[in-house]
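Next up, run.cif (mmCIF, C-alpha atoms and all ligand atoms):
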```cif
data_input
loop_
_atom_site.label_atom_id
_atom_site.label_comp_id
_atom_site.auth_asym_id
_atom_site.auth_seq_id
_atom_site.Cartn_x
_atom_site.Cartn_y
_atom_site.Cartn_z
CA MET A 1 8.52 -3.53 24.49
CA ARG A 2 10.93 -1.14 26.12
CA LEU A 3 13.67 -3.03 27.95
CA THR A 4 15.07 -1.35 31.01
CA ARG A 5 18.87 -1.29 31.07
CA PHE A 6 18.82 -4.08 33.65
CA LYS A 7 16.43 -6.30 31.73
CA ALA A 8 18.29 -5.74 28.48
CA ALA A 9 21.58 -6.66 30.13
CA ALA A 10 20.04 -9.73 31.73
CA ALA A 11 18.56 -10.77 28.40
CA ALA A 12 21.96 -10.27 26.77
CA VAL A 13 23.66 -12.46 29.36
CA LEU A 14 21.02 -15.15 28.93
CA LEU A 15 21.26 -14.93 25.17
CA THR A 16 25.06 -15.13 25.30
CA ALA A 17 24.93 -18.16 27.56
CA GLY A 18 22.32 -19.85 25.46
CA LEU A 19 24.02 -19.14 22.16
CA ALA A 20 27.37 -20.23 23.49
CA ALA A 21 25.82 -23.46 24.68
CA CYS A 22 24.00 -24.22 21.46
CA GLY A 23 26.32 -22.53 18.98
CA ASP A 24 23.28 -21.86 16.86
CA ALA A 25 21.29 -18.72 16.24
CA GLY A 26 18.90 -19.96 13.61
CA ASN A 27 21.71 -20.72 11.20
CA ASP A 28 21.57 -24.48 10.93
CA GLY A 29 20.26 -24.71 7.41
CA ASP A 30 16.56 -25.16 8.20
CA SER A 31 14.08 -22.82 6.61
CA GLY A 32 12.53 -21.27 9.75
CA ALA A 33 8.86 -21.12 10.72
CA ASP A 34 5.94 -22.07 8.45
CA VAL A 35 3.82 -19.25 7.04
CA ASP A 36 0.17 -19.19 5.88
CA VAL A 37 0.17 -17.96 2.28
CA GLN A 38 -3.10 -16.08 1.54
CA ASP A 39 -5.35 -17.28 -1.28
CA ASN A 40 -6.69 -14.65 -3.73
CA ALA A 41 -4.65 -12.01 -1.94
CA ALA A 42 -4.69 -9.41 -4.74
CA GLU A 43 -8.45 -8.80 -4.28
CA GLU A 44 -7.82 -7.70 -0.69
CA PHE A 45 -5.95 -4.59 -1.88
CA ASP A 46 -7.20 -1.48 -3.70
CA THR A 47 -6.28 -1.11 -7.34
CA GLY A 48 -3.31 1.19 -7.77
CA THR A 49 -1.67 0.28 -4.49
CA ARG A 50 1.83 -1.21 -4.48
CA MET A 51 0.47 -4.16 -2.47
CA ARG A 52 -2.02 -4.94 -5.25
CA GLU A 53 0.73 -4.74 -7.90
CA LEU A 54 3.02 -7.04 -5.92
CA ALA A 55 0.22 -9.52 -5.18
CA GLU A 56 -0.69 -9.63 -8.88
CA SER A 57 2.92 -10.04 -9.93
CA GLY A 58 3.36 -12.99 -7.54
CA THR A 59 6.84 -11.96 -6.48
CA ILE A 60 8.61 -9.41 -4.26
CA LYS A 61 12.24 -8.31 -3.83
CA ILE A 62 13.34 -8.15 -0.22
CA GLY A 63 16.72 -6.84 0.96
CA VAL A 64 18.18 -8.68 3.96
CA LYS A 65 21.63 -9.20 5.46
CA PHE A 66 23.44 -12.37 4.37
CA ASP A 67 26.18 -12.45 7.03
CA GLN A 68 24.45 -11.93 10.37
CA PRO A 69 23.66 -15.26 12.10
CA GLY A 70 20.24 -15.24 13.77
CA ILE A 71 19.21 -11.97 12.04
CA GLY A 72 19.86 -12.62 8.34
CA PHE A 73 22.28 -15.25 7.06
CA LYS A 74 22.73 -17.06 3.75
CA GLY A 75 25.56 -19.47 3.08
CA ALA A 76 26.97 -19.77 -0.45
CA THR A 77 25.03 -22.99 -1.14
CA ASP A 78 21.80 -22.09 0.72
CA ASP A 79 18.63 -21.44 -1.30
CA MET A 80 17.20 -18.94 1.15
CA PRO A 81 18.49 -16.70 3.90
CA VAL A 82 17.54 -17.61 7.47
CA GLY A 83 17.05 -15.37 10.48
CA PHE A 84 14.46 -13.21 12.20
CA ASP A 85 14.49 -10.59 9.40
CA PRO A 86 13.83 -13.08 6.55
CA GLU A 87 11.03 -14.50 8.73
CA MET A 88 9.39 -11.05 8.83
CA GLY A 89 9.80 -10.94 5.05
CA LYS A 90 8.08 -14.31 4.66
CA ILE A 91 5.15 -13.14 6.81
CA LEU A 92 4.68 -9.95 4.75
CA ALA A 93 5.00 -11.79 1.42
CA ALA A 94 2.52 -14.46 2.54
CA ASP A 95 -0.06 -11.72 3.18
CA LEU A 96 0.32 -10.78 -0.50
CA GLY A 97 -0.19 -14.42 -1.51
CA ILE A 98 3.52 -14.85 -2.28
CA ALA A 99 5.12 -18.11 -1.11
CA PRO A 100 8.64 -18.05 0.44
CA GLU A 101 10.15 -19.70 -2.66
CA ASP A 102 8.79 -16.87 -4.85
CA ILE A 103 10.56 -14.14 -2.88
CA THR A 104 13.68 -12.68 -4.53
CA TRP A 105 16.16 -12.20 -1.69
CA VAL A 106 18.72 -9.45 -2.31
CA GLU A 107 21.77 -8.94 -0.11
CA THR A 108 21.82 -5.48 1.42
CA ILE A 109 24.72 -4.11 3.43
CA SER A 110 24.27 -1.23 5.86
CA ALA A 111 25.37 1.49 3.43
CA ASN A 112 23.11 0.56 0.50
CA ARG A 113 19.74 0.18 2.24
CA GLU A 114 18.42 3.67 1.40
CA PRO A 115 19.76 3.68 -2.21
CA PHE A 116 18.30 0.22 -2.88
CA LEU A 117 14.86 1.38 -1.73
CA GLN A 118 15.06 4.66 -3.63
CA SER A 119 16.10 2.99 -6.90
CA GLY A 120 13.55 0.17 -6.66
CA GLU A 121 16.32 -2.45 -6.49
CA VAL A 122 14.26 -3.88 -3.61
CA ASP A 123 10.62 -3.45 -2.53
CA LEU A 124 11.38 -3.86 1.18
CA VAL A 125 14.49 -3.72 3.36
CA ILE A 126 14.38 -5.92 6.47
CA ALA A 127 18.01 -5.82 7.54
CA SER A 128 18.69 -4.90 11.20
CA TYR A 129 17.53 -1.50 10.00
CA SER A 130 17.23 0.93 12.90
CA ILE A 131 14.58 3.61 12.58
CA THR A 132 16.17 7.09 12.60
CA ASP A 133 14.91 10.56 11.69
CA GLU A 134 17.66 10.90 9.05
CA ARG A 135 16.63 7.67 7.32
CA ARG A 136 12.92 8.49 7.60
CA ALA A 137 13.64 11.72 5.71
CA VAL A 138 14.57 9.72 2.58
CA VAL A 139 12.79 6.34 2.89
CA GLY A 140 9.81 4.90 4.76
CA GLN A 141 10.48 2.81 7.87
CA ALA A 142 7.47 0.98 9.37
CA GLY A 143 7.72 -0.41 12.88
CA PRO A 144 9.54 -1.12 15.11
CA TYR A 145 9.04 -4.89 15.03
CA TYR A 146 12.04 -5.60 17.31
CA VAL A 147 14.22 -3.60 19.69
CA THR A 148 17.85 -4.26 20.61
CA GLY A 149 20.79 -2.10 21.78
CA GLN A 150 24.42 -1.49 20.92
CA GLN A 151 27.12 -3.48 22.75
CA LEU A 152 30.77 -4.50 22.25
CA LEU A 153 32.35 -7.74 21.03
CA VAL A 154 35.91 -8.33 22.25
CA ARG A 155 38.42 -11.18 22.40
CA SER A 156 37.95 -13.43 25.43
CA ASP A 157 41.22 -12.15 26.99
CA SER A 158 40.38 -8.45 26.44
CA ASP A 159 40.58 -5.93 29.31
CA ILE A 160 37.66 -3.93 27.87
CA ALA A 161 34.87 -4.42 30.38
CA SER A 162 33.02 -1.10 30.42
CA LEU A 163 32.10 1.54 27.88
CA GLU A 164 34.63 3.93 29.43
CA ASP A 165 37.40 1.47 28.50
CA VAL A 166 36.94 2.09 24.75
CA ALA A 167 38.37 5.64 24.85
CA GLY A 168 41.63 5.57 22.88
CA THR A 169 41.05 2.06 21.45
CA GLU A 170 40.31 1.09 17.84
CA VAL A 171 36.77 -0.19 17.39
CA CYS A 172 35.35 -1.43 14.10
CA SER A 173 31.81 -1.38 12.80
CA VAL A 174 30.09 -0.92 9.47
CA THR A 175 29.98 2.19 7.32
CA GLY A 176 26.47 3.61 7.15
CA SER A 177 25.45 2.11 10.51
CA THR A 178 24.25 3.96 13.60
CA SER A 179 26.88 1.99 15.56
CA LEU A 180 29.91 3.68 14.00
CA GLU A 181 28.64 7.18 14.84
CA ASN A 182 27.76 6.20 18.41
CA ILE A 183 31.17 4.68 19.23
CA GLU A 184 33.06 7.70 17.93
CA ALA A 185 31.09 9.76 20.43
CA GLU A 186 32.52 7.52 23.19
CA GLY A 187 36.11 8.50 22.32
CA ALA A 188 37.12 5.39 20.35
CA THR A 189 38.90 5.53 17.00
CA PRO A 190 36.25 4.18 14.60
CA ARG A 191 37.23 1.78 11.79
CA GLY A 192 34.49 1.32 9.18
CA PHE A 193 34.04 -1.79 6.99
CA ASP A 194 31.38 -2.75 4.46
CA THR A 195 30.16 -5.79 6.38
CA TYR A 196 30.14 -7.10 9.93
CA SER A 197 31.86 -10.32 8.88
CA GLU A 198 34.92 -8.29 7.76
CA CYS A 199 34.84 -6.40 11.05
CA VAL A 200 34.67 -9.55 13.20
CA ASP A 201 37.73 -10.92 11.38
CA GLN A 202 39.66 -7.81 12.51
CA VAL A 203 38.75 -8.54 16.13
CA LEU A 204 39.74 -12.20 15.80
CA ASN A 205 43.13 -11.39 14.26
CA GLY A 206 43.86 -8.56 16.72
CA THR A 207 43.92 -5.70 14.21
CA VAL A 208 41.29 -3.83 16.23
CA ASP A 209 40.40 -3.92 19.93
CA ALA A 210 36.65 -4.42 19.61
CA MET A 211 33.68 -4.52 17.29
CA THR A 212 30.47 -2.68 18.05
CA THR A 213 26.91 -2.99 16.83
CA ASP A 214 23.51 -4.23 18.02
CA GLY A 215 23.66 -6.89 20.73
CA ALA A 216 21.45 -9.23 18.71
CA ILE A 217 24.04 -9.22 15.90
CA LEU A 218 27.09 -9.56 18.17
CA LEU A 219 25.62 -12.54 19.99
CA GLY A 220 25.34 -14.46 16.74
CA TYR A 221 29.07 -13.94 16.08
CA ALA A 222 30.02 -14.75 19.68
CA ALA A 223 28.12 -18.03 19.31
CA GLU A 224 30.22 -18.90 16.27
CA HIS A 225 33.49 -18.35 18.19
CA PRO A 226 32.58 -19.08 21.82
CA ASP A 227 36.18 -19.68 22.96
CA GLU A 228 37.64 -16.58 21.30
CA LEU A 229 34.99 -13.86 21.62
CA LYS A 230 32.64 -12.42 24.22
CA VAL A 231 29.95 -9.71 24.32
CA VAL A 232 30.51 -7.04 26.98
CA VAL A 233 28.86 -3.89 28.45
CA ASP A 234 25.19 -3.11 28.97
CA PRO A 235 23.31 -1.97 25.85
CA PHE A 236 24.09 1.75 25.42
CA SER A 237 21.64 2.67 22.66
CA GLU A 238 18.13 1.75 21.62
CA GLU A 239 17.97 0.25 18.10
CA ARG A 240 14.37 -0.02 16.90
CA TYR A 241 14.25 -2.24 13.81
CA GLY A 242 11.87 -1.09 11.08
CA VAL A 243 10.82 -2.41 7.67
CA GLY A 244 12.10 -0.10 4.93
CA TYR A 245 9.88 0.83 1.96
CA SER A 246 9.97 3.51 -0.72
CA LEU A 247 8.38 6.90 -0.05
CA ASP A 248 6.88 6.52 -3.56
CA HIS A 249 4.51 3.98 -1.95
CA PRO A 250 3.45 5.51 1.37
CA GLU A 251 0.41 3.18 1.49
CA MET A 252 2.78 0.33 2.35
CA CYS A 253 3.31 1.59 5.91
CA GLU A 254 -0.18 0.74 7.26
CA TRP A 255 -0.08 -2.63 5.50
CA ILE A 256 3.32 -3.52 7.03
CA VAL A 257 2.29 -2.44 10.52
CA GLU A 258 -1.08 -4.24 10.38
CA THR A 259 0.41 -7.45 8.95
CA ILE A 260 3.09 -7.59 11.64
CA GLU A 261 0.53 -6.79 14.34
CA GLU A 262 -1.60 -9.70 13.11
CA ALA A 263 1.49 -11.91 13.27
CA GLU A 264 2.09 -10.75 16.84
CA ASP A 265 -1.52 -11.59 17.74
CA ASP A 266 -1.72 -14.99 16.05
CA GLY A 267 1.66 -16.27 17.25
CA ALA A 268 3.54 -16.08 13.93
CA TRP A 269 5.89 -13.35 15.25
CA ALA A 270 6.74 -15.51 18.27
CA ASP A 271 7.19 -18.59 16.05
CA ALA A 272 9.59 -16.56 13.89
CA PHE A 273 11.59 -15.46 16.94
CA GLU A 274 11.72 -18.98 18.34
CA ALA A 275 12.89 -20.42 15.00
CA THR A 276 15.79 -17.91 14.81
CA LEU A 277 17.14 -15.72 17.65
CA GLY A 278 15.19 -17.74 20.19
CA LYS A 279 17.02 -20.96 19.32
CA SER A 280 19.64 -19.80 21.77
CA GLY A 281 17.16 -20.50 24.56
CA VAL A 282 16.42 -16.82 25.27
CA GLU A 283 12.83 -16.11 26.26
CA THR A 284 10.68 -14.64 23.48
CA PRO A 285 10.25 -10.91 24.25
CA GLU A 286 7.01 -8.94 24.16
CA PRO A 287 6.81 -7.38 20.68
CA PRO A 288 7.23 -3.60 20.64
CA THR A 289 4.42 -1.19 19.73
CA ALA A 290 4.79 0.21 16.22
CA ASP A 291 4.89 3.96 15.58
CA ALA A 292 1.88 5.57 13.89
CA CYS A 293 2.37 5.76 10.11
CA PRO A 294 2.74 9.18 8.49
CA ALA A 295 -0.37 10.35 6.63
CA ALA A 296 -0.25 8.66 3.19
N1 LIG B 301 20.90 -1.36 13.55
C1 LIG B 301 22.02 -0.52 13.23
C2 LIG B 301 21.78 0.24 11.93
O1 LIG B 301 20.77 0.09 11.30
C3 LIG B 301 23.31 -1.32 13.14
C4 LIG B 301 23.17 -2.63 12.41
C5 LIG B 301 23.36 -2.53 10.91
O2 LIG B 301 24.26 -1.83 10.46
O3 LIG B 301 22.61 -3.21 10.20
O4 LIG B 301 22.59 1.05 11.56
#
```

Here is a file; write its structure as structure tokens.
Ligand code: GLU
Amino acid sequence: MRLTRFKAAAAAVLLTAGLAACGDAGNDGDSGADVDVQDNAAEEFDTGTRMRELAESGTIKIGVKFDQPGIGFKGATDDMPVGFDPEMGKILAADLGIAPEDITWVETISANREPFLQSGEVDLVIASYSITDERRAVVGQAGPYYVTGQQLLVRSDSDIASLEDVAGTEVCSVTGSTSLENIEAEGATPRGFDTYSECVDQVLNGTVDAMTTDGAILLGYAAEHPDELKVVVDPFSEERYGVGYSLDHPEMCEWIVETIEEAEDDGAWADAFEATLGKSGVETPEPPTADACPAA
């Protein structure tokens, strides 16, 4: 799927309206969509592949965000994170014969996604992780499985209404994100934090003028504070979310792409969207076409 600027903006407005109405972006404590866990999965994979090892071990470590409603969220007392990214993780694990309760969920923040993959701290990163050439130079990124675009979150009484208005203002985002680099290029003074939840607090208490990141993330926060916050401006970047894996295991790319394509074909991808971001009432988008994997 490639949204035109108009369609993306219309989707954002719809999503904002829906989220504001429901106040819920897949963050109500339920465990998301059901997945079909494969029987005898290990036999499906060649000996020596990382998929075979993981299937035989019966567990997998997946890095997701814990503070992004609708995308990846885990409250202090929740057993499992919820959101569209954990749903993708459940689909991939199920193909290896691993049930959701056997997944080890690890919190990743934007700045530690590459190091966690390189060190083996996690097997996969599924964490609003935009595909970029710089990242693909040091880790694998299969996909995209979802496409969104950067927008702004401001207080309801803010005068910021267009991208031009950010010049000379202070705008926060997260260190290690594509968003922080992009907003600096627009003439704003960037303020980097470790997490988006810290950044949104700065907007709420007036320390900064706006927060910027992917629209899908901002809408989840706007839904949590519908009277105080709003999402503004048309998406001004294309963020193509990929599944991160280690370059030590290049064979994982084809497996990730094929498993997600199967989920797109059999309805599991749509079920995952509807159980999370789609709870706002936004129409389920057409899934994007994944890039070809590099030769393994
Ligand atoms: N998708 C962007 C990125 O990967 C921003 C969101 C995030 O930081 O997770 O940098």

Pick from A:Glu44, A:Glu164, A:Glu239, A:Asp157 nearest to ligand LIG 301 (chain B), counting all atoms listed in the file: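 Going through A:Glu44, A:Glu164, A:Glu239, A:Asp157 one by one, the smallest distance to ligand LIG 301 (chain B) is for A:Glu239.
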
Set the distance at 9 Å and use only C-alpha atoms: which residues neighbour Ile260 (chain A) once local chain neighbours fewer than 6 positions away are removed? I'd like the list as a ChimeraX atom specification. /A:88,91-92,143,145,268-269

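Considering all atoms listed in the file, the residue among A:Gly140, A:Leu152, A:Ile62, A:Leu96 positioned nearest to Phe45 (chain A) is A:Leu96.
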
Neighbour list for Pro86 (chain A) as an MDAnalysis selection string, cut-off 7 Å, only C-alpha atoms, skip fewer than 5 positions in-chain: chainID A and resid 64 72 81

Might you pull out every residue within 9 Å of region 115-118 of chain A, with only C-alpha atoms counted and same-chain residues fewer than 3 positions away left off, and present them as a ChimeraX atom specification? /A:63,108,111-112,121-125,138-140,244-248

Could the residues that lie within 8 Å of ligand LIG 301 (chain B), counting only C-alpha atoms and all ligand atoms, be listed as a PyMOL selection string? chain A and resi 65+109-111+127-131+150+173-179+196+213-214+217+239-241

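Across the model, the gap from CA of Met252 (chain A) to CA of Met51 (chain A) is 7.0 Å.
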
If you count all atoms listed in the file, the residue of A:Asp36, A:Asp46, A:Asp291, A:Asp209 closest to Val257 (chain A) turns out to be A:Asp291

Which neighbours of Arg52 (chain A) fall inside 12 Å, counting only C-alpha atoms, when residues of the same chain fewer than 4 positions from it are skipped, and could you give them as a PyMOL selection string? chain A and resi 40-48+56-60+93+95-98+249+251-252+255

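With distances restricted to all atoms listed in the file, A:Val171 is the closest residue to Gly206 (chain A) from A:Leu180, A:Ala292, A:Ala185, A:Val171.
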
What does the distance between CA of Glu274 (chain A) and CA of Ala33 (chain A) come to in Å, to one decimal place?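 Between CA of Glu274 (chain A) and CA of Ala33 (chain A) the gap is 8.4 Å.
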
With distances taken over all atoms listed in the file, which residue among A:Gln151, A:Ser156, A:Thr259, A:Thr276 lies nearest His225 (chain A)?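 Closest to His225 (chain A), using all atoms listed in the file: A:Ser156.
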
So, with all atoms listed in the file as the atoms that count, which of A:Phe273, A:Pro226, A:Ser197, A:Val37 lies closest to Ala99 (chain A)?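 Among A:Phe273, A:Pro226, A:Ser197, A:Val37, it is A:Val37 that comes nearest to Ala99 (chain A).
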
Take CA of Asp194 (chain A) and CA of Glu114 (chain A) and report the distance between them in Å, one decimal.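 Going from CA of Asp194 (chain A) over to CA of Glu114 (chain A) covers 14.8 Å.
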
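Using only C-alpha atoms, the set of residues no farther than 6 Å from the position (30.2, -6.0, 27.7) comprises Leu152, Ala161, Val231, Val232, Val233 and Asp234 of chain A.
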
Asp34 (chain A) surroundings by all atoms listed in the file, 9 Å radius, close-in-sequence under 4 positions cut, as a PyMOL selection string: chain A and resi 90+268+271-272
